[in-house]
$ cat input.txt   # compact mmCIF, C-alpha atoms
# COMPACT_ATOMS: atom_id res chain seq x y z
CA MET A 24 29.73 20.73 -136.86
CA THR A 25 27.62 23.31 -138.70
CA GLU A 26 28.07 27.02 -139.22
CA ASP A 27 24.38 27.64 -138.48
CA VAL A 28 24.71 26.60 -134.81
CA THR A 29 27.22 27.96 -132.32
CA LEU A 30 27.87 25.49 -129.53
CA THR A 31 28.49 26.85 -126.03
CA HIS A 32 29.70 25.52 -122.67
CA LEU A 33 30.71 22.25 -124.27
CA ASP A 34 32.75 21.03 -121.31
CA ASP A 35 29.98 21.55 -118.75
CA PRO A 36 28.58 18.35 -117.18
CA LEU A 37 25.36 17.37 -118.90
CA PHE A 38 23.62 16.82 -115.57
CA ASP A 39 24.49 15.45 -112.13
CA GLY A 40 25.55 11.83 -112.43
CA ALA A 41 25.70 11.93 -116.21
CA GLY A 42 29.40 11.16 -116.47
CA ALA A 43 29.20 13.08 -119.75
CA THR A 44 29.42 16.65 -121.02
CA LYS A 45 27.42 18.60 -123.54
CA ARG A 46 30.30 17.94 -125.96
CA ASP A 47 29.70 14.21 -125.49
CA LEU A 48 26.00 14.66 -126.24
CA ALA A 49 26.67 16.64 -129.42
CA GLY A 50 29.33 14.16 -130.56
CA TYR A 51 27.00 11.23 -129.94
CA LEU A 52 24.14 12.82 -131.86
CA GLU A 53 26.47 13.51 -134.77
CA ALA A 54 27.56 9.86 -134.78
CA VAL A 55 23.94 8.58 -134.86
CA SER A 56 22.37 11.40 -136.88
CA GLY A 57 21.80 9.13 -139.86
CA LEU A 58 19.88 6.72 -137.60
CA ILE A 59 17.94 9.01 -135.28
CA LEU A 60 16.84 11.63 -137.83
CA PRO A 61 14.62 9.16 -139.74
CA GLU A 62 12.94 8.41 -136.40
CA LEU A 63 12.20 12.12 -135.84
CA ARG A 64 11.56 13.47 -139.34
CA ASP A 65 8.05 14.87 -139.95
CA ARG A 66 6.91 14.01 -136.42
CA PRO A 67 5.93 16.68 -133.87
CA LEU A 68 8.68 16.54 -131.27
CA SER A 69 8.85 16.89 -127.50
CA VAL A 70 12.25 16.94 -125.81
CA ILE A 71 13.50 16.57 -122.25
CA ARG A 72 16.02 19.26 -121.41
CA VAL A 73 18.31 19.66 -118.42
CA ARG A 74 19.42 23.19 -117.57
CA ALA A 75 22.43 23.51 -115.28
CA GLY A 76 21.38 23.19 -111.65
CA GLN A 77 17.74 22.46 -112.50
CA ARG A 78 15.54 19.40 -112.68
CA PRO A 79 14.87 17.87 -116.12
CA PHE A 80 11.73 19.13 -117.83
CA MET A 81 9.78 18.22 -120.94
CA GLN A 82 9.54 20.95 -123.56
CA LYS A 83 6.82 20.70 -126.16
CA ASN A 84 6.51 24.32 -127.27
CA LEU A 85 9.26 25.56 -129.59
CA PRO A 86 10.60 28.72 -127.88
CA ASP A 87 10.33 32.11 -129.58
CA TYR A 88 14.12 32.43 -129.69
CA ALA A 89 14.49 29.32 -131.86
CA PRO A 90 16.10 29.94 -135.27
CA PRO A 91 13.61 30.74 -138.04
CA TRP A 92 14.83 27.81 -140.13
CA ILE A 93 13.44 25.23 -137.70
CA ARG A 94 10.20 23.82 -139.08
CA PHE A 95 7.26 23.51 -136.73
CA VAL A 96 3.59 22.67 -136.65
CA THR A 97 0.98 24.31 -134.43
CA LEU A 98 -1.37 21.85 -132.74
CA TRP A 99 -3.98 22.00 -130.04
CA ALA A 100 -2.72 20.36 -126.82
CA GLU A 101 -5.66 19.01 -124.87
CA SER A 102 -3.61 18.49 -121.69
CA SER A 103 -2.64 22.18 -121.44
CA ARG A 104 -5.72 23.52 -123.27
CA ARG A 105 -3.71 25.68 -125.64
CA GLU A 106 -2.02 25.69 -129.01
CA VAL A 107 1.54 24.43 -129.02
CA ARG A 108 4.27 24.93 -131.63
CA TYR A 109 5.90 21.53 -131.98
CA ALA A 110 9.28 21.43 -133.65
CA LEU A 111 9.93 19.12 -136.58
CA CYS A 112 13.48 17.84 -136.29
CA ASP A 113 14.13 17.09 -139.93
CA ASP A 114 17.84 17.76 -140.32
CA TRP A 115 21.21 17.76 -138.63
CA ARG A 116 21.38 21.47 -137.80
CA THR A 117 18.01 21.29 -136.00
CA LEU A 118 19.19 18.29 -134.02
CA LEU A 119 22.44 20.07 -133.16
CA TRP A 120 20.51 23.18 -132.07
CA PHE A 121 18.51 21.03 -129.67
CA ALA A 122 21.73 19.48 -128.35
CA ASN A 123 23.05 22.98 -127.63
CA GLN A 124 19.81 23.61 -125.71
CA ARG A 125 20.74 20.60 -123.55
CA ALA A 126 17.90 18.53 -125.00
CA VAL A 127 18.91 15.02 -123.97
CA GLU A 128 15.78 13.00 -124.78
CA TYR A 129 13.81 13.03 -128.06
CA HIS A 130 10.15 11.97 -127.96
CA PRO A 131 8.38 12.06 -131.36
CA THR A 132 4.71 11.36 -131.95
CA LEU A 133 3.59 8.00 -133.28
CA ALA A 134 2.17 9.59 -136.43
CA LEU A 135 3.52 11.84 -139.16
CA VAL A 136 2.58 15.50 -139.23
CA GLY A 137 0.26 15.22 -142.23
CA GLN A 138 -1.56 12.16 -140.83
CA LEU A 139 -1.74 12.63 -137.08
CA HIS A 140 -4.75 10.35 -136.73
CA GLN A 141 -3.01 7.47 -138.50
CA PRO A 142 -0.13 6.16 -136.36
CA THR A 143 2.68 4.38 -138.10
CA GLN A 144 3.37 2.04 -135.21
CA VAL A 145 1.85 0.19 -132.30
CA ILE A 146 4.08 0.16 -129.22
CA LEU A 147 4.16 -2.05 -126.16
CA ASP A 148 6.15 -0.48 -123.31
CA ILE A 149 7.45 -3.20 -121.00
CA ASP A 150 8.43 -2.01 -117.53
CA PRO A 151 9.85 -4.31 -114.81
CA PRO A 152 8.92 -3.63 -111.17
CA GLU A 153 11.06 -1.28 -109.11
CA GLY A 154 14.37 -3.00 -108.51
CA GLY A 155 13.36 -5.93 -110.71
CA PRO A 156 15.99 -7.44 -113.00
CA PHE A 157 16.08 -6.52 -116.67
CA GLY A 158 15.78 -10.21 -117.49
CA ARG A 159 12.14 -10.17 -116.39
CA ALA A 160 11.39 -7.39 -118.88
CA VAL A 161 13.12 -9.48 -121.54
CA ALA A 162 10.97 -12.50 -120.68
CA ALA A 163 7.85 -10.33 -120.94
CA ALA A 164 9.04 -9.00 -124.31
CA PHE A 165 9.09 -12.56 -125.62
CA LEU A 166 5.49 -12.97 -124.41
CA VAL A 167 4.60 -9.94 -126.50
CA ARG A 168 6.42 -11.44 -129.46
CA ARG A 169 4.35 -14.63 -129.12
CA ALA A 170 1.15 -12.58 -128.90
CA LEU A 171 2.15 -10.73 -132.05
CA GLU A 172 2.88 -13.94 -133.93
CA ASP A 173 -0.49 -15.36 -132.87
CA ALA A 174 -2.10 -12.22 -134.34
CA GLY A 175 -0.16 -12.55 -137.60
CA LEU A 176 2.09 -9.58 -136.77
CA ALA A 177 5.82 -8.97 -136.29
CA GLY A 178 7.71 -6.38 -134.31
CA ALA A 179 11.19 -5.17 -133.49
CA VAL A 180 12.61 -4.55 -130.04
CA LYS A 181 14.79 -1.93 -128.38
CA THR A 182 15.93 -1.14 -124.88
CA SER A 183 13.95 1.78 -123.50
CA GLY A 184 17.13 3.44 -122.28
CA SER A 185 15.71 3.25 -118.77
CA LYS A 186 15.00 -0.15 -117.20
CA GLY A 187 12.64 -1.75 -119.68
CA VAL A 188 11.98 -2.65 -123.29
CA HIS A 189 9.90 -1.25 -126.15
CA VAL A 190 8.37 -3.49 -128.81
CA TYR A 191 7.57 -1.62 -132.05
CA VAL A 192 5.06 -2.90 -134.61
CA PRO A 193 4.94 -0.84 -137.82
CA VAL A 194 1.34 -0.51 -139.03
CA GLU A 195 -0.60 1.09 -141.85
CA GLY A 196 -4.21 1.96 -142.54
CA ALA A 197 -5.22 2.18 -138.87
CA THR A 198 -6.76 5.11 -137.03
CA SER A 199 -5.49 6.17 -133.62
CA GLU A 200 -8.51 4.51 -132.00
CA GLN A 201 -7.95 1.25 -133.85
CA ALA A 202 -4.24 1.20 -133.00
CA ALA A 203 -5.00 1.91 -129.33
CA ALA A 204 -7.54 -0.92 -129.23
CA ALA A 205 -5.08 -3.33 -130.85
CA THR A 206 -2.42 -2.34 -128.34
CA ARG A 207 -4.76 -3.20 -125.45
CA ALA A 208 -5.64 -6.53 -127.02
CA LEU A 209 -2.00 -7.48 -127.58
CA ALA A 210 -1.07 -6.56 -124.01
CA ALA A 211 -3.96 -8.63 -122.64
CA ARG A 212 -2.99 -11.60 -124.81
CA ALA A 213 0.61 -11.42 -123.63
CA GLU A 214 -0.54 -11.21 -120.01
CA ARG A 215 -2.65 -14.37 -120.41
CA LEU A 216 0.39 -16.27 -121.71
CA ASP A 217 2.06 -15.92 -118.28
CA PRO A 218 -0.04 -14.06 -115.68
CA GLY A 219 2.53 -14.88 -113.03
CA LEU A 220 5.11 -12.76 -114.85
CA ALA A 221 3.21 -9.98 -116.60
CA THR A 222 0.31 -7.69 -115.80
CA THR A 223 -1.67 -4.96 -117.52
CA ALA A 224 -2.68 -3.39 -114.16
CA PHE A 225 -2.21 0.35 -114.53
CA ILE A 226 -2.34 1.08 -110.79
CA ARG A 227 1.14 0.37 -109.46
CA SER A 228 -0.03 -1.15 -106.17
CA ASP A 229 -2.07 -3.72 -108.11
CA ARG A 230 0.89 -5.13 -110.03
CA GLU A 231 2.14 -7.42 -107.23
CA GLY A 232 5.75 -7.19 -108.34
CA LYS A 233 5.01 -8.25 -111.91
CA VAL A 234 6.27 -6.76 -115.17
CA PHE A 235 3.91 -4.05 -116.43
CA LEU A 236 2.74 -4.27 -120.04
CA ASP A 237 1.84 -0.66 -120.74
CA SER A 238 -0.78 -0.40 -123.47
CA THR A 239 -1.23 3.38 -123.19
CA ARG A 240 1.45 4.36 -125.74
CA ALA A 241 -1.16 5.23 -128.33
CA GLY A 242 -3.11 8.19 -129.66
CA GLY A 243 -1.32 11.40 -128.74
CA ALA A 244 1.35 9.65 -126.68
CA THR A 245 5.05 9.90 -127.41
CA VAL A 246 7.88 7.45 -126.79
CA ALA A 247 11.63 7.98 -126.56
CA ALA A 248 12.89 7.49 -130.09
CA ALA A 249 15.25 4.71 -131.09
CA TYR A 250 18.81 5.97 -130.50
CA SER A 251 17.62 8.74 -128.14
CA PRO A 252 19.74 9.31 -125.03
CA ARG A 253 17.93 9.28 -121.68
CA VAL A 254 18.33 11.48 -118.61
CA ARG A 255 19.71 8.68 -116.44
CA PRO A 256 23.08 8.11 -114.75
CA GLY A 257 25.65 7.36 -117.43
CA VAL A 258 23.34 8.68 -120.19
CA PRO A 259 22.06 5.36 -121.54
CA VAL A 260 20.57 5.17 -125.03
CA SER A 261 17.36 3.55 -126.25
CA PHE A 262 18.99 1.06 -128.57
CA PRO A 263 17.47 -1.48 -130.99
CA VAL A 264 18.79 -5.04 -130.74
CA ARG A 265 18.09 -8.28 -132.53
CA TRP A 266 15.56 -10.55 -130.86
CA GLU A 267 18.16 -13.30 -130.68
CA ASP A 268 20.52 -10.97 -128.78
CA LEU A 269 17.98 -9.54 -126.33
CA SER A 270 18.67 -12.08 -123.57
CA ASP A 271 22.38 -11.22 -123.64
CA VAL A 272 22.24 -7.44 -123.16
CA VAL A 273 21.50 -5.02 -120.34
CA PRO A 274 20.53 -1.34 -120.68
CA GLY A 275 23.95 -0.21 -119.45
CA ASP A 276 25.58 -1.72 -122.53
CA PHE A 277 24.29 1.21 -124.59
CA THR A 278 25.35 4.75 -123.64
CA VAL A 279 26.41 7.92 -125.44
CA HIS A 280 29.99 6.73 -124.88
CA THR A 281 29.65 3.13 -126.09
CA VAL A 282 27.10 3.27 -128.93
CA PRO A 283 29.28 5.09 -131.52
CA GLY A 284 31.78 2.26 -131.23
CA LEU A 285 29.05 -0.33 -131.70
CA LEU A 286 27.88 1.18 -134.98
CA GLY A 287 31.01 0.29 -136.90
CA GLY A 288 32.21 2.03 -140.03
CA HIS A 289 30.76 2.21 -143.52
CA GLY A 290 27.18 1.54 -142.43
CA ALA A 291 28.01 -1.67 -140.55
CA HIS A 292 25.09 -1.13 -138.17
CA GLN A 293 21.71 -1.31 -139.86
CA ALA A 294 18.88 0.84 -138.51
CA TRP A 295 16.82 -1.06 -135.95
CA ALA A 296 19.41 -3.87 -136.12
CA GLY A 297 17.91 -4.68 -139.52
CA GLN A 298 14.79 -6.15 -137.90
CA LEU A 299 12.07 -3.53 -138.30
CA PRO A 300 9.37 -5.20 -140.42
CA ALA A 301 7.37 -3.51 -143.16
CA PRO A 302 4.10 -1.82 -142.13
CA GLN A 303 1.30 -4.31 -141.43
CA ARG A 304 -2.47 -4.09 -141.25
CA LEU A 305 -4.31 -4.76 -138.01
CA SER A 306 -7.05 -7.38 -138.21
CA GLU A 307 -10.62 -6.38 -137.45
CA ALA A 308 -10.81 -9.21 -134.90
CA LEU A 309 -7.83 -7.85 -132.95
CA VAL A 310 -9.25 -4.33 -132.95
CA GLU A 311 -12.69 -5.50 -131.84
CA GLU A 312 -11.11 -7.53 -129.05
CA GLY A 313 -9.29 -4.44 -127.83
CA ARG A 314 -12.39 -2.27 -127.96
CA ALA A 315 -13.94 -4.49 -125.30
CA ILE A 316 -11.02 -3.79 -122.96
CA PRO A 317 -11.30 -0.59 -120.89
CA ILE A 318 -8.72 2.14 -121.52
CA ALA A 319 -6.19 1.67 -118.72
CA ARG A 320 -5.78 5.31 -117.71
CA VAL A 321 -9.53 5.93 -117.64
CA GLN A 322 -10.21 2.74 -115.72
CA ALA A 323 -7.47 3.61 -113.21
CA MET A 324 -8.88 7.11 -112.73
CA HIS A 325 -12.35 5.75 -111.92
CA GLU A 326 -10.92 3.07 -109.68
CA GLY A 327 -8.83 5.65 -107.82
CA LYS A 328 -11.92 7.74 -107.18
CA ARG A 329 -13.83 4.69 -105.99
CA ARG A 330 -11.08 3.74 -103.56
CA ALA A 331 -10.85 7.31 -102.28
CA ARG A 332 -14.60 7.33 -101.58
CA ALA A 333 -14.35 3.99 -99.79
CA ALA A 334 -11.45 5.25 -97.68
CA ARG A 335 -13.41 8.36 -96.71
CA ARG A 336 -16.38 6.24 -95.66
CA GLU A 337 -14.16 4.02 -93.52
CA SER A 338 -12.56 7.00 -91.81
$ encode --input "input.txt" --output "structure tokens"
Amino acid sequence: MTEDVTLTHLDDPLFDGAGATKRDLAGYLEAVSGLILPELRDRPLSVIRVRAGQRPFMQKNLPDYAPPWIRFVTLWAESSRREVRYALCDDWRTLLWFANQRAVEYHPTLALVGQLHQPTQVILDIDPPEGGPFGRAVAAAFLVRRALEDAGLAGAVKTSGSKGVHVYVPVEGATSEQAAAATRALAARAERLDPGLATTAFIRSDREGKVFLDSTRAGGATVAAAYSPRVRPGVPVSFPVRWEDLSDVVPGDFTVHTVPGLLGGHGAHQAWAGQLPAPQRLSEALVEEGRAIPIARVQAMHEGKRRARAARRES
């Protein structure tokens, strides 16, 4: 595949229940390299790796033994209170090196390395309740599409590779704070379109079996890239589909085994199913609306503390 990377243990199972080997992972990434690399290029990257016999783990820091030709950027990570060397997966040999490290999932930042405070996309992460059918996530995705249209915006959709859906809205000229506010506003608007189906409640017990519209994929968050495999049984792939086809697919349609055959030859498959719109500007009205909505994680943290105090008083 490339003389710069020596692949090892290719016939080992990727992980328990994968139904795939490391050879399958490397072959898949080669087949989609022209599609996934543009999603990763110039974006600080976190990966989810699976070592043999161990639980999956997220790796943000590029290890010291990484080849010197892998580009990286050193950034302060507030969560771990230290500087982290994030890899920049800009080319095929870097992607192949990660595959040999058993990196299954690829989670880039929402902004490019030179403009980390200016995200290039707003993302709504749509998550059905535990055991809920995928069709409910699809129905909620169409609520988000209506909310976008009402705001003068357009987005593209992909399966998350897990059990839900991601709606991507390319943007320009927005700060991280503005994009986060707009994300909250769009989620709230979609919820109001059908409150019996969708909820923005961050605390799981408050969702009452509804589809969760997650508005927290903003700022320093990452999301599984389009075409990224996921550490799930069968190794499903986060795969873009056309809006008109969304009601006819299920996540299991797209795996490391099936996707190469769906791409077709000679560029038959267009990136993002040909539906990713050009970058758009967020309206001031949408941003101001979102600023009035509490940040979900912060609100949930305070609410959790309040409930804990109430429980202690009752006991």
$ residues_around --input "input.txt" --residues "A:His130" --least-positions-apart "2" --cutoff "8 Å" --atoms "all atoms listed in the file" --output "list in words"
Leu68, Ser69, Val70, Glu128, Thr132, Thr245, Val246, Ala247 and Ala248 of chain A
$ residues_near_point --input "input.txt" --point "(9.0, -2.1, -137.6)" --cutoff "8 Å" --atoms "only C-alpha atoms" --output "PyMOL selection string"
chain A and resi 144+177-179+191-194+298-302
$ write_last_selection --input "input.txt" --atoms "C-alpha atoms" --output "CSV table (one decimal), keeping the file's coordinate frame"
chain,number,residue,atom,x,y,z
A,144,GLN,CA,3.4,2.0,-135.2
A,177,ALA,CA,5.8,-9.0,-136.3
A,178,GLY,CA,7.7,-6.4,-134.3
A,179,ALA,CA,11.2,-5.2,-133.5
A,191,TYR,CA,7.6,-1.6,-132.0
A,192,VAL,CA,5.1,-2.9,-134.6
A,193,PRO,CA,4.9,-0.8,-137.8
A,194,VAL,CA,1.3,-0.5,-139.0
A,298,GLN,CA,14.8,-6.2,-137.9
A,299,LEU,CA,12.1,-3.5,-138.3
A,300,PRO,CA,9.4,-5.2,-140.4
A,301,ALA,CA,7.4,-3.5,-143.2
A,302,PRO,CA,4.1,-1.8,-142.1
$ closest_residue --input "input.txt" --among "A:Asp268, A:Asp148, A:Asp47, A:Glu337" --to "A:Ala241" --atoms "all atoms listed in the file"
A:Asp148
$ closest_residue --input "input.txt" --among "A:Leu111, A:Val127, A:Ala213, A:Ala197" --to "A:Leu171" --atoms "only C-alpha atoms"
A:Ala213
$ closest_residue --input "input.txt" --among "A:Gly76, A:Pro90, A:Gly257, A:Gly154" --to "A:Lys233" --atoms "all atoms listed in the file"
A:Gly154
$ residues_around --input "input.txt" --residues "stretch 53-65 of chain A" --least-positions-apart "5" --cutoff "6 Å" --atoms "all atoms listed in the file" --output "PyMOL selection string"
chain A and resi 111-113+131+135-136+250
$ closest_residue --input "input.txt" --among "A:Leu98, A:Leu118, A:Leu85, A:Val161" --to "A:Ala49" --atoms "all atoms listed in the file"
A:Leu118
$ closest_residue --input "input.txt" --among "A:Leu216, A:Val254, A:Ala211, A:Ala221" --to "A:Pro152" --atoms "all atoms listed in the file"
A:Ala221
$ atom_distance --input "input.txt" --atom1 "atom CA of A:Asp34" --atom2 "atom CA of A:Arg46"
6.1 Å
$ residues_near_point --input "input.txt" --point "(28.6, 2.5, -131.1)" --cutoff "12 Å" --atoms "only C-alpha atoms" --output "list in words"
Gly50, Tyr51, Leu52, Glu53, Ala54, Val55, Leu58, Tyr250, Pro259, Val260, Phe262, Pro263, Asp276, Phe277, Thr278, Val279, His280, Thr281, Val282, Pro283, Gly284, Leu285, Leu286, Gly287, Gly288, Gly290, Ala291, His292 and Gln293 of chain A
$ atom_distance --input "input.txt" --atom1 "atom CA of A:Asn84" --atom2 "atom CA of A:Gly242"
18.9 Å
$ residues_around --input "input.txt" --residues "A:Ala126" --least-positions-apart "2" --cutoff "8 Å" --atoms "only C-alpha atoms" --output "PyMOL selection string"
chain A and resi 70-73+121-124+128-129
$ atom_distance --input "input.txt" --atom1 "atom CA of A:Ile316" --atom2 "atom CA of A:Arg240"
15.2 Å
$ closest_residue --input "input.txt" --among "A:Arg125, A:Arg304, A:Trp120, A:Glu106" --to "A:Tyr88" --atoms "only C-alpha atoms"
A:Trp120
$ residues_around --input "input.txt" --residues "A:Gly219" --least-positions-apart "3" --cutoff "12 Å" --atoms "all atoms listed in the file" --output "list in words"
Arg159, Ala162, Ala163, Leu166, Ala213, Glu214, Arg215, Leu216, Thr222, Thr223, Arg230, Glu231, Gly232, Lys233, Val234 and Phe235 of chain A
